[in-house]
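Next up, query.tsv (TSV, C-alpha atoms and all ligand atoms):
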```tsv
chain	number	residue	atom	x	y	z
P	177	MET	CA	0.00	0.00	0.00
P	178	THR	CA	1.21	3.52	-0.82
P	179	THR	CA	2.23	5.51	2.26
P	180	ILE	CA	-0.32	8.27	2.77
P	181	TYR	CA	0.66	11.81	3.74
P	182	ASN	CA	-2.16	14.10	4.74
P	183	PHE	CA	-1.53	17.83	4.13
P	184	SER	CA	-4.94	19.01	5.37
P	185	ALA	CA	-5.07	22.40	7.09
P	186	GLY	CA	-7.35	21.01	9.80
P	187	PRO	CA	-8.67	18.75	11.06
P	188	ALA	CA	-5.22	17.50	10.27
P	189	VAL	CA	-2.71	14.71	10.55
P	190	LEU	CA	-2.13	13.29	14.04
P	191	PRO	CA	0.93	11.29	15.12
P	192	LYS	CA	0.47	7.66	14.09
P	193	GLU	CA	1.73	6.50	17.51
P	194	VAL	CA	-1.03	8.48	19.19
P	195	LEU	CA	-3.72	6.97	17.00
P	196	GLN	CA	-2.32	3.50	17.63
P	197	GLN	CA	-2.33	4.04	21.38
P	198	ALA	CA	-5.89	5.40	21.28
P	199	ALA	CA	-6.95	2.37	19.23
P	200	ALA	CA	-5.34	-0.02	21.73
P	201	GLU	CA	-7.07	1.76	24.63
P	202	MET	CA	-10.39	2.27	22.85
P	203	LEU	CA	-12.43	-0.44	24.58
P	204	ASP	CA	-10.66	-0.60	27.92
P	205	TRP	CA	-8.65	2.34	29.23
P	206	HIS	CA	-5.93	1.15	31.62
P	207	GLY	CA	-7.99	-1.79	32.94
P	208	SER	CA	-10.96	0.42	33.85
P	209	GLY	CA	-13.26	-1.66	31.63
P	210	MET	CA	-14.42	1.58	29.97
P	211	SER	CA	-13.62	3.57	26.90
P	212	VAL	CA	-12.55	7.14	27.71
P	213	MET	CA	-15.67	8.18	25.78
P	214	GLU	CA	-17.86	6.42	28.33
P	215	MET	CA	-16.32	7.87	31.48
P	216	SER	CA	-17.89	10.46	33.72
P	217	HIS	CA	-15.91	13.67	33.49
P	218	ARG	CA	-16.13	13.79	37.29
P	219	GLY	CA	-14.77	10.30	37.88
P	220	PRO	CA	-11.20	9.68	39.08
P	221	GLU	CA	-10.15	8.11	35.75
P	222	PHE	CA	-11.02	11.10	33.63
P	223	ILE	CA	-9.82	13.60	36.24
P	224	SER	CA	-6.40	11.91	36.08
P	225	ILE	CA	-6.41	12.14	32.27
P	226	TYR	CA	-7.39	15.80	32.44
P	227	ARG	CA	-4.79	16.75	35.02
P	228	ALA	CA	-2.00	14.99	33.12
P	229	ALA	CA	-2.99	16.80	29.91
P	230	GLU	CA	-3.04	20.15	31.68
P	231	ARG	CA	0.32	19.53	33.35
P	232	ASP	CA	2.00	18.31	30.16
P	233	LEU	CA	0.81	21.32	28.17
P	234	ARG	CA	2.00	23.59	30.98
P	235	ASP	CA	5.44	21.89	30.87
P	236	LEU	CA	5.71	21.97	27.08
P	237	LEU	CA	5.02	25.70	26.82
P	238	ALA	CA	6.55	26.58	30.21
P	239	VAL	CA	3.29	28.27	31.13
P	240	PRO	CA	3.89	30.46	34.21
P	241	ASP	CA	1.93	29.76	37.41
P	242	ASN	CA	-0.14	32.92	37.07
P	243	TYR	CA	-1.79	31.62	33.90
P	244	ARG	CA	-4.76	29.26	33.69
P	245	ILE	CA	-5.10	26.66	30.97
P	246	LEU	CA	-8.72	26.16	29.91
P	247	PHE	CA	-10.01	23.39	27.67
P	248	MET	CA	-13.18	24.79	26.16
P	249	GLN	CA	-15.57	24.10	23.30
P	250	GLY	CA	-16.73	26.27	20.43
P	251	GLY	CA	-13.54	26.52	18.38
P	252	GLY	CA	-11.42	29.52	17.53
P	253	LEU	CA	-14.34	31.37	15.98
P	254	SER	CA	-16.31	31.33	19.23
P	255	GLN	CA	-13.35	32.81	21.07
P	256	ASN	CA	-13.57	35.79	18.71
P	257	ALA	CA	-16.77	36.65	20.61
P	258	VAL	CA	-15.84	35.12	23.96
P	259	ILE	CA	-12.63	37.16	24.20
P	260	PRO	CA	-14.25	40.61	23.91
P	261	MET	CA	-17.06	39.44	26.19
P	262	ASN	CA	-14.44	38.54	28.81
P	263	LEU	CA	-12.04	41.43	28.34
P	264	VAL	CA	-13.77	44.67	27.37
P	265	GLY	CA	-15.56	44.92	30.75
P	266	ARG	CA	-12.22	46.05	32.24
P	267	LYS	CA	-12.50	49.39	30.42
P	268	ARG	CA	-15.02	52.22	30.55
P	269	ASP	CA	-15.05	53.02	26.81
P	270	PRO	CA	-13.30	49.98	25.39
P	271	VAL	CA	-11.36	50.00	22.14
P	272	VAL	CA	-9.87	46.80	20.78
P	273	ASP	CA	-6.83	46.99	18.50
P	274	PHE	CA	-6.31	44.54	15.65
P	275	ILE	CA	-3.60	43.85	13.13
P	276	HIS	CA	-5.29	42.61	9.97
P	277	THR	CA	-2.92	40.08	8.42
P	278	GLY	CA	-5.34	37.79	6.61
P	279	SER	CA	-8.59	35.84	6.59
P	280	TRP	CA	-8.69	34.77	10.23
P	281	SER	CA	-7.81	38.13	11.78
P	282	GLY	CA	-10.42	39.57	9.38
P	283	LYS	CA	-13.08	37.32	10.86
P	284	SER	CA	-11.96	38.19	14.38
P	285	ILE	CA	-12.32	41.92	13.62
P	286	LYS	CA	-15.89	41.47	12.40
P	287	GLU	CA	-16.91	39.47	15.44
P	288	ALA	CA	-15.25	41.73	18.02
P	289	ALA	CA	-16.96	44.75	16.43
P	290	ARG	CA	-20.24	43.36	17.78
P	291	TYR	CA	-19.02	43.89	21.34
P	292	ALA	CA	-16.59	46.80	21.26
P	293	LYS	CA	-15.19	49.62	19.21
P	294	VAL	CA	-12.55	48.16	16.94
P	295	ASN	CA	-9.44	49.93	15.70
P	296	VAL	CA	-7.61	48.25	12.85
P	297	ALA	CA	-4.17	49.50	13.85
P	298	ALA	CA	-2.53	48.14	10.69
P	299	SER	CA	-3.65	46.14	7.71
P	300	ALA	CA	-1.85	44.08	5.11
P	301	GLN	CA	-4.83	44.26	2.77
P	302	GLU	CA	-3.05	46.37	0.17
P	303	SER	CA	-0.31	43.72	-0.11
P	304	ARG	CA	-3.08	41.10	-0.46
P	305	TYR	CA	-1.99	39.63	2.86
P	306	THR	CA	1.49	38.65	1.81
P	307	ARG	CA	3.34	40.37	4.64
P	308	VAL	CA	2.98	41.73	8.16
P	309	PRO	CA	2.83	45.54	8.18
P	310	PRO	CA	6.01	46.89	9.84
P	311	GLN	CA	5.49	47.76	13.50
P	312	SER	CA	6.53	51.36	12.81
P	313	GLU	CA	3.22	51.74	10.89
P	314	TRP	CA	0.96	50.32	13.60
P	315	LYS	CA	-1.42	52.92	15.06
P	316	LEU	CA	-2.02	51.38	18.47
P	317	THR	CA	-4.49	52.79	21.01
P	318	PRO	CA	-2.60	53.74	24.22
P	319	ASP	CA	-5.20	52.23	26.59
P	320	ALA	CA	-6.75	49.57	24.36
P	321	ALA	CA	-8.68	46.76	26.08
P	322	TYR	CA	-6.32	44.43	24.22
P	323	LEU	CA	-4.40	43.96	20.97
P	324	HIS	CA	-5.52	40.97	18.91
P	325	LEU	CA	-3.15	39.22	16.52
P	326	CYS	CA	-3.49	36.07	14.47
P	327	THR	CA	0.09	34.89	14.74
P	328	ASN	CA	-0.29	32.35	11.96
P	329	GLU	CA	-2.78	32.98	9.16
P	330	THR	CA	-3.72	29.47	8.09
P	331	ILE	CA	-5.21	30.46	4.71
P	332	ASP	CA	-2.74	33.14	3.67
P	333	GLY	CA	0.35	31.38	5.00
P	334	VAL	CA	1.65	34.42	6.92
P	335	GLU	CA	3.33	33.97	10.30
P	336	ILE	CA	4.22	36.69	12.81
P	337	ASP	CA	7.59	35.65	14.17
P	338	PHE	CA	8.03	38.41	16.76
P	339	VAL	CA	6.28	39.69	19.86
P	340	PRO	CA	5.24	43.30	19.23
P	341	GLU	CA	5.94	46.25	21.49
P	342	VAL	CA	2.66	47.41	23.02
P	343	PRO	CA	1.68	50.34	25.27
P	344	ALA	CA	2.08	49.46	28.96
P	345	GLY	CA	-0.81	47.47	30.36
P	346	VAL	CA	-2.30	46.43	27.01
P	347	PRO	CA	-2.57	42.63	26.89
P	348	ILE	CA	-1.72	40.85	23.65
P	349	VAL	CA	-4.29	38.27	22.61
P	350	ALA	CA	-2.93	35.78	20.10
P	351	ASP	CA	-4.86	33.37	17.92
P	352	MET	CA	-2.25	30.61	17.62
P	353	SER	CA	-4.70	28.00	16.29
P	354	SER	CA	-2.47	26.84	13.47
P	355	HIS	CA	1.01	27.09	14.96
P	356	ILE	CA	0.67	26.53	18.69
P	357	LEU	CA	3.31	24.00	19.87
P	358	SER	CA	5.24	24.34	16.60
P	359	ARG	CA	7.73	26.87	17.95
P	360	GLN	CA	8.91	28.18	21.26
P	361	VAL	CA	6.90	31.04	22.70
P	362	ASP	CA	7.32	33.23	25.75
P	363	VAL	CA	3.84	32.89	27.23
P	364	ALA	CA	4.50	35.68	29.73
P	365	LYS	CA	4.52	38.21	26.87
P	366	TYR	CA	0.84	37.49	26.13
P	367	GLY	CA	-2.38	38.08	28.01
P	368	VAL	CA	-4.27	35.35	26.19
P	369	ILE	CA	-3.21	32.60	23.79
P	370	PHE	CA	-5.92	30.55	22.19
P	371	GLY	CA	-6.45	28.01	19.46
P	372	GLY	CA	-8.71	25.29	18.14
P	373	ALA	CA	-7.10	21.90	18.70
P	374	GLN	CA	-7.67	20.45	15.26
P	375	LYS	CA	-4.30	21.41	13.75
P	376	ASN	CA	-1.43	20.86	16.12
P	377	ILE	CA	-3.10	19.57	19.28
P	378	GLY	CA	-5.74	16.93	18.64
P	379	PRO	CA	-9.22	16.41	17.24
P	380	ALA	CA	-11.74	19.17	16.53
P	381	GLY	CA	-13.97	20.04	19.47
P	382	VAL	CA	-11.36	21.20	21.96
P	383	THR	CA	-10.35	24.86	22.20
P	384	VAL	CA	-7.32	25.66	24.31
P	385	VAL	CA	-7.23	29.03	26.06
P	386	ILE	CA	-4.22	30.12	28.11
P	387	VAL	CA	-5.10	33.24	30.06
P	388	ARG	CA	-3.35	35.37	32.68
P	389	ASP	CA	-5.07	35.39	36.08
P	390	ASP	CA	-5.79	39.12	36.24
P	391	LEU	CA	-7.73	38.96	32.96
P	392	ILE	CA	-10.23	36.53	34.43
P	393	GLY	CA	-13.35	37.73	36.21
P	394	HIS	CA	-14.45	40.65	34.05
P	395	ALA	CA	-17.09	39.01	31.83
P	396	LEU	CA	-19.93	41.17	30.53
P	397	PRO	CA	-23.40	40.20	31.80
P	398	ILE	CA	-24.30	39.02	28.27
P	399	CYS	CA	-21.47	36.45	28.28
P	400	PRO	CA	-22.94	32.93	28.45
P	401	SER	CA	-21.89	31.44	31.78
P	402	ALA	CA	-20.22	28.46	30.11
P	403	PHE	CA	-17.98	30.93	28.24
P	404	ASP	CA	-17.12	33.07	31.24
P	405	TRP	CA	-13.44	32.21	31.80
P	406	LYS	CA	-13.95	32.62	35.57
P	407	ASN	CA	-16.48	29.79	35.66
P	408	VAL	CA	-14.33	27.61	33.44
P	409	ALA	CA	-11.14	28.28	35.45
P	410	GLU	CA	-12.77	27.77	38.83
P	411	ASN	CA	-14.14	24.41	37.73
P	412	GLU	CA	-11.00	22.98	36.06
P	413	SER	CA	-12.73	23.28	32.64
P	414	MET	CA	-15.68	21.30	33.99
P	415	PHE	CA	-18.27	24.02	34.50
P	416	ASN	CA	-20.15	22.05	31.89
P	417	THR	CA	-19.21	18.71	30.33
P	418	PRO	CA	-15.88	19.20	28.57
P	419	PRO	CA	-14.95	17.49	25.28
P	420	THR	CA	-13.55	14.52	27.17
P	421	TYR	CA	-12.34	12.31	24.33
P	422	GLY	CA	-10.70	15.24	22.56
P	423	ILE	CA	-8.88	16.21	25.76
P	424	TYR	CA	-7.68	12.62	26.12
P	425	ILE	CA	-6.25	12.60	22.57
P	426	ALA	CA	-4.70	16.03	23.13
P	427	GLY	CA	-3.06	14.59	26.25
P	428	LEU	CA	-1.58	11.74	24.20
P	429	VAL	CA	-0.25	14.29	21.69
P	430	PHE	CA	1.38	16.25	24.54
P	431	GLN	CA	3.08	13.07	25.76
P	432	TRP	CA	4.22	12.32	22.19
P	433	LEU	CA	5.65	15.84	21.93
P	434	LYS	CA	7.62	15.32	25.12
P	435	ARG	CA	9.02	12.07	23.71
P	436	GLN	CA	10.09	13.98	20.58
P	437	GLY	CA	12.22	16.27	22.75
P	438	GLY	CA	9.65	19.00	23.42
P	439	ILE	CA	8.94	22.19	21.53
P	440	ALA	CA	12.57	23.22	20.96
P	441	ALA	CA	13.28	19.94	19.12
P	442	MET	CA	9.99	20.19	17.25
P	443	GLU	CA	10.79	23.73	16.15
P	444	GLN	CA	14.10	22.60	14.63
P	445	ARG	CA	12.28	19.91	12.65
P	446	ASN	CA	9.66	22.39	11.52
P	447	ILE	CA	12.36	24.81	10.34
P	448	GLU	CA	13.95	22.02	8.30
P	449	LYS	CA	10.65	20.85	6.79
P	450	ALA	CA	9.68	24.39	5.79
P	451	ARG	CA	13.14	25.06	4.31
P	452	LEU	CA	12.89	21.94	2.16
P	453	LEU	CA	9.44	22.77	0.84
P	454	TYR	CA	10.00	26.48	0.13
P	455	ALA	CA	13.27	25.67	-1.64
P	456	ALA	CA	11.41	23.37	-4.03
P	457	LEU	CA	8.73	25.99	-4.65
P	458	ASP	CA	11.35	28.71	-5.27
P	459	ALA	CA	13.58	26.61	-7.53
P	460	ASP	CA	12.11	28.22	-10.65
P	461	ASP	CA	8.86	29.93	-11.62
P	462	PHE	CA	6.84	26.75	-12.19
P	463	TYR	CA	5.36	27.24	-8.70
P	464	GLN	CA	4.82	30.42	-6.77
P	465	ASN	CA	4.44	31.26	-3.09
P	466	ARG	CA	3.56	34.96	-2.87
P	467	VAL	CA	4.36	35.63	0.79
P	468	ASP	CA	7.29	37.89	1.74
P	469	PRO	CA	9.97	35.33	2.72
P	470	GLN	CA	10.36	36.97	6.13
P	471	TYR	CA	6.76	36.13	7.04
P	472	ARG	CA	6.30	32.77	5.38
P	473	SER	CA	4.50	30.33	7.63
P	474	ARG	CA	6.33	27.21	8.70
P	475	MET	CA	3.00	25.42	9.08
P	476	ASN	CA	0.79	26.40	6.14
P	477	VAL	CA	2.37	26.78	2.73
P	478	PRO	CA	0.03	28.09	0.03
P	479	PHE	CA	1.30	27.92	-3.55
P	480	TYR	CA	0.12	28.36	-7.11
P	481	LEU	CA	1.03	26.66	-10.35
P	482	ARG	CA	2.16	29.22	-12.93
P	483	ASP	CA	-0.18	27.47	-15.36
P	484	GLU	CA	-3.35	27.06	-13.36
P	485	SER	CA	-4.96	24.93	-16.07
P	486	LYS	CA	-2.76	22.13	-14.68
P	487	ASN	CA	-4.31	22.32	-11.19
P	488	GLU	CA	-6.56	19.28	-11.55
P	489	ALA	CA	-3.77	17.18	-13.08
P	490	PHE	CA	-1.47	18.22	-10.24
P	491	LEU	CA	-3.97	17.19	-7.58
P	492	ALA	CA	-4.81	13.90	-9.31
P	493	GLY	CA	-1.11	13.01	-9.60
P	494	ALA	CA	-0.56	13.92	-5.96
P	495	LYS	CA	-3.45	11.74	-4.84
P	496	ALA	CA	-2.13	8.81	-6.89
P	497	ARG	CA	1.13	9.13	-4.95
P	498	GLY	CA	-0.64	9.22	-1.57
P	499	LEU	CA	-0.24	13.00	-1.11
P	500	LEU	CA	-3.66	14.09	0.09
P	501	GLN	CA	-5.64	17.28	0.71
P	502	LEU	CA	-3.38	19.70	-1.14
P	503	LYS	CA	-6.14	21.81	-2.65
P	504	GLY	CA	-5.95	25.44	-1.51
P	505	HIS	CA	-8.68	27.13	0.51
P	506	LYS	CA	-11.66	28.00	-1.66
P	507	SER	CA	-11.27	31.73	-0.96
P	508	VAL	CA	-7.77	31.91	-2.45
P	509	GLY	CA	-7.53	28.90	-4.79
P	510	GLY	CA	-4.28	27.23	-5.76
P	511	MET	CA	-2.68	24.68	-3.46
P	512	ARG	CA	-1.78	24.55	0.20
P	513	ALA	CA	0.44	22.12	2.06
P	514	SER	CA	-0.01	22.15	5.82
P	515	ILE	CA	3.01	20.64	7.50
P	516	TYR	CA	2.12	20.53	11.16
P	517	ASN	CA	4.16	18.81	13.90
P	518	ALA	CA	2.77	15.38	13.05
P	519	MET	CA	3.86	15.60	9.38
P	520	PRO	CA	7.14	13.68	9.20
P	521	ILE	CA	10.01	15.01	7.11
P	522	GLU	CA	9.54	11.97	4.86
P	523	GLY	CA	6.10	13.37	3.95
P	524	VAL	CA	7.59	16.73	3.01
P	525	GLN	CA	10.32	14.97	1.01
P	526	ALA	CA	7.68	12.93	-0.84
P	527	LEU	CA	5.86	16.17	-1.71
P	528	VAL	CA	9.10	17.82	-2.83
P	529	ASP	CA	9.90	14.81	-5.06
P	530	TYR	CA	6.47	15.10	-6.62
P	531	LEU	CA	6.80	18.90	-7.10
P	532	ASN	CA	10.06	18.29	-8.96
P	533	GLU	CA	8.63	15.46	-11.01
P	534	PHE	CA	5.49	17.41	-12.00
P	535	ALA	CA	7.60	20.43	-12.97
P	536	GLY	CA	9.72	18.14	-15.17
P	537	ARG	CA	12.91	18.97	-13.28
I	1	LIG	C1	-5.97	30.78	12.66
I	1	LIG	C2	-7.37	30.28	12.82
I	1	LIG	N1	-8.18	30.89	13.67
I	1	LIG	C3	-9.46	30.48	13.86
I	1	LIG	C4	-9.95	29.40	13.16
I	1	LIG	C5	-11.37	28.97	13.38
I	1	LIG	O1	-11.38	27.87	14.19
I	1	LIG	P1	-12.66	26.97	14.41
I	1	LIG	O2	-13.04	26.40	13.09
I	1	LIG	O3	-12.17	25.97	15.39
I	1	LIG	O4	-13.73	27.84	14.98
I	1	LIG	C6	-9.15	28.72	12.27
I	1	LIG	C7	-9.66	27.55	11.53
I	1	LIG	O5	-9.07	27.01	10.65
I	1	LIG	C8	-7.82	29.18	12.09
I	1	LIG	O6	-6.99	28.57	11.22
```
Could you express the structure from this file as structure tokens?
Ligand SMILES: Cc1ncc(COP(=O)(O)O)c(C=O)c1O
Amino acid sequence: MTTIYNFSAGPAVLPKEVLQQAAAEMLDWHGSGMSVMEMSHRGPEFISIYRAAERDLRDLLAVPDNYRILFMQGGGLSQNAVIPMNLVGRKRDPVVDFIHTGSWSGKSIKEAARYAKVNVAASAQESRYTRVPPQSEWKLTPDAAYLHLCTNETIDGVEIDFVPEVPAGVPIVADMSSHILSRQVDVAKYGVIFGGAQKNIGPAGVTVVIVRDDLIGHALPICPSAFDWKNVAENESMFNTPPTYGIYIAGLVFQWLKRQGGIAAMEQRNIEKARLLYAALDADDFYQNRVDPQYRSRMNVPFYLRDESKNEAFLAGAKARGLLQLKGHKSVGGMRASIYNAMPIEGVQALVDYLNEFAGR
């Protein structure tokens, strides 16, 4: 059988070892006689799974003690509403700053505008989202409720590789959905880090929120109680029934990451994978990635064939070689290869070999 490599942007490839372990434990978790799916979230078995997952994620990202880790539901899009509902109550006349770097920050802007005054402090629209506007051009609000960034734009393939300077007291809120755990990050520089699990963490249905203590407890009265971070934090993510099976798989992924050497080792592998793929795309003008090289994402690599009439043939040939889900997002067309942590370098090499073959090199 051909080896399959799955380049989906999410839900995405998971480590084979994790899936094998989950399969082995499916009917009887650790002699409990139950599948994790069948356990009460309040029972000792699941509580131990939950606490291990929380601790391992804390270790992996070196999350400081004054931050809570919440496992929520609703995905990244829900947090676009949940975040303003939890944060703007700290200010009398709240303004939220945004840097518009692509599709996902665009959606966040629209949603936040329902709850607060939004200031788009900088936008990459005129470059068609191929770069991050230089910080010298950002028009930040001195006492903003927060600054929202999407640090990796999954559709546009743009990654912010620096922590911006912000006015004192303004928390940075980062949507890291598609690159969390792919690179080292200084959590203490952020007020909130959030992301849907379905790219680099586990299955869809879990949303991870890492939030600094002092930002909890300010929810607007309209905030649904299950989305009030205070309720979630005080109840160890069990204010309501959490996505138990998804948290279990996420926990297995965290253990797998530790066995790989942690985030520093993973980051080195991700640098190498991205280098290999971009080099093949840049070799001549048969393919094109339009993002300023400084801001190219290590996780999501959109590209176009110079001759777009060959798109279908390219995808069919890829599929025949076991290279799956390379079609670009419908809003931008072309191709996209997502090369998350669980994509082995052999998968990237197989794609590079095919890129060379299809280009007749
Ligand atoms: C960067 C980013 N933010 C937010 C979302 C939305 O997440 P969800 O579909 O979990 O609501 C996505 C989904 O792909 C994403 O890539």
Using only C-alpha atoms and all ligand atoms, find the one residue out of P:His217, P:Lys365, P:Arg445, P:Lys283 that sits nearest to ligand LIG 1 (chain I).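 Checking each candidate against ligand LIG 1 (chain I), we get P:Lys283 as the closest.
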Would you list the contacts of P:Arg388 as number ranges by chain, taking every protein, DNA or RNA residue within 12 Å and counting all atoms listed in the file, but skipping same-chain residues closer than 3 positions in sequence? P: 239-246, 263, 347-349, 363-370, 385, 391-393, 405-406, 409
Take the residues that were just selected and, keeping C-alpha atoms, output them as a PDB file, keeping the file's coordinate frame.
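After the write, result15.pdb holds the following:
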```pdb
ATOM      1  CA  VAL P 239       3.290  28.270  31.130  1.00  0.00           C
ATOM      2  CA  PRO P 240       3.890  30.460  34.210  1.00  0.00           C
ATOM      3  CA  ASP P 241       1.930  29.760  37.410  1.00  0.00           C
ATOM      4  CA  ASN P 242      -0.140  32.920  37.070  1.00  0.00           C
ATOM      5  CA  TYR P 243      -1.790  31.620  33.900  1.00  0.00           C
ATOM      6  CA  ARG P 244      -4.760  29.260  33.690  1.00  0.00           C
ATOM      7  CA  ILE P 245      -5.100  26.660  30.970  1.00  0.00           C
ATOM      8  CA  LEU P 246      -8.720  26.160  29.910  1.00  0.00           C
ATOM      9  CA  LEU P 263     -12.040  41.430  28.340  1.00  0.00           C
ATOM     10  CA  PRO P 347      -2.570  42.630  26.890  1.00  0.00           C
ATOM     11  CA  ILE P 348      -1.720  40.850  23.650  1.00  0.00           C
ATOM     12  CA  VAL P 349      -4.290  38.270  22.610  1.00  0.00           C
ATOM     13  CA  VAL P 363       3.840  32.890  27.230  1.00  0.00           C
ATOM     14  CA  ALA P 364       4.500  35.680  29.730  1.00  0.00           C
ATOM     15  CA  LYS P 365       4.520  38.210  26.870  1.00  0.00           C
ATOM     16  CA  TYR P 366       0.840  37.490  26.130  1.00  0.00           C
ATOM     17  CA  GLY P 367      -2.380  38.080  28.010  1.00  0.00           C
ATOM     18  CA  VAL P 368      -4.270  35.350  26.190  1.00  0.00           C
ATOM     19  CA  ILE P 369      -3.210  32.600  23.790  1.00  0.00           C
ATOM     20  CA  PHE P 370      -5.920  30.550  22.190  1.00  0.00           C
ATOM     21  CA  VAL P 385      -7.230  29.030  26.060  1.00  0.00           C
ATOM     22  CA  LEU P 391      -7.730  38.960  32.960  1.00  0.00           C
ATOM     23  CA  ILE P 392     -10.230  36.530  34.430  1.00  0.00           C
ATOM     24  CA  GLY P 393     -13.350  37.730  36.210  1.00  0.00           C
ATOM     25  CA  TRP P 405     -13.440  32.210  31.800  1.00  0.00           C
ATOM     26  CA  LYS P 406     -13.950  32.620  35.570  1.00  0.00           C
ATOM     27  CA  ALA P 409     -11.140  28.280  35.450  1.00  0.00           C
TER      28      ALA P 409
END
```
Select all residues near (-14.5, 19.5, 20.0) (cut-off 9 Å, inclusive, file coordinates), counting only C-alpha atoms, and output them as a list in words. Met248, Gln249, Gly250, Gly251, Gly372, Ala373, Gln374, Pro379, Ala380, Gly381, Val382, Thr383, Pro418, Pro419, Thr420, Tyr421, Gly422 and Ile423 of chain P
Any chance you could export the current selection's C-alpha atoms as a short mmCIF file (atom, residue, chain, number, x, y, z; two decimals), keeping the file's coordinate frame?
```cif
data_model
loop_
_atom_site.label_atom_id
_atom_site.label_comp_id
_atom_site.auth_asym_id
_atom_site.auth_seq_id
_atom_site.Cartn_x
_atom_site.Cartn_y
_atom_site.Cartn_z
CA MET P 248 -13.18 24.79 26.16
CA GLN P 249 -15.57 24.10 23.30
CA GLY P 250 -16.73 26.27 20.43
CA GLY P 251 -13.54 26.52 18.38
CA GLY P 372 -8.71 25.29 18.14
CA ALA P 373 -7.10 21.90 18.70
CA GLN P 374 -7.67 20.45 15.26
CA PRO P 379 -9.22 16.41 17.24
CA ALA P 380 -11.74 19.17 16.53
CA GLY P 381 -13.97 20.04 19.47
CA VAL P 382 -11.36 21.20 21.96
CA THR P 383 -10.35 24.86 22.20
CA PRO P 418 -15.88 19.20 28.57
CA PRO P 419 -14.95 17.49 25.28
CA THR P 420 -13.55 14.52 27.17
CA TYR P 421 -12.34 12.31 24.33
CA GLY P 422 -10.70 15.24 22.56
CA ILE P 423 -8.88 16.21 25.76
#
```
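Counting from atom CA of P:Asp235, the distance to atom CA of P:Ile223 is 18.2 Å.
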In terms of the shortest atom-to-atom distance over all atoms listed in the file, which of P:Trp280, P:Tyr226, P:Trp205, P:Tyr322 is closest to ligand LIG 1 (chain I)?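 Among P:Trp280, P:Tyr226, P:Trp205, P:Tyr322, it is P:Trp280 that comes nearest to ligand LIG 1 (chain I).
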Could you tell me how far atom CA of P:Leu357 sits from atom CA of P:Lys506, in Å to one decimal place?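 These two atoms are separated by 26.5 Å.
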Near-ligand residues for ligand LIG 1 (chain I), threshold 6 Å, only C-alpha atoms and all ligand atoms, as an MDAnalysis selection string: chainID P and resid 251:253 280 328:330 351 353:354 372
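Those residues that approach P:Gln525 to within 9 Å, counting only C-alpha atoms, are Lys449, Leu452, Leu453, Pro520, Ile521, Glu522, Val528, Asp529 and Tyr530 of chain P; same-chain residues fewer than 3 positions away are not listed.
Between atom CA of P:Asp362 and atom CA of P:Ala513 there is a distance of 27.1 Å.
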For P:Val408, which of P:Met210, P:Ile275, P:Val384, P:Trp314 is the closest residue, counting all atoms listed in the file?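 Closest to P:Val408, using all atoms listed in the file: P:Val384.
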Could you tell me, as a list in words, which residues have any atom at most 7 Å from (3.4, 31.4, -10.5), counting only C-alpha atoms?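 Residues satisfying the cut-off, written out: Asp461, Phe462, Tyr463, Gln464, Tyr480, Leu481 and Arg482 of chain P.
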Nearest to P:Ser401 by atom-to-atom distance, counting all atoms listed in the file, from P:Asn416, P:Asp389, P:Met215, P:Gly207: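 For P:Ser401, the nearest of the candidates is P:Asn416.
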Hey, what's within 12 Å of P:Val272 if we count only C-alpha atoms and toss same-chain stuff fewer than 5 positions away? As a ChimeraX atom specification, please? /P:256,259-261,263-267,284-297,315-325,346-349
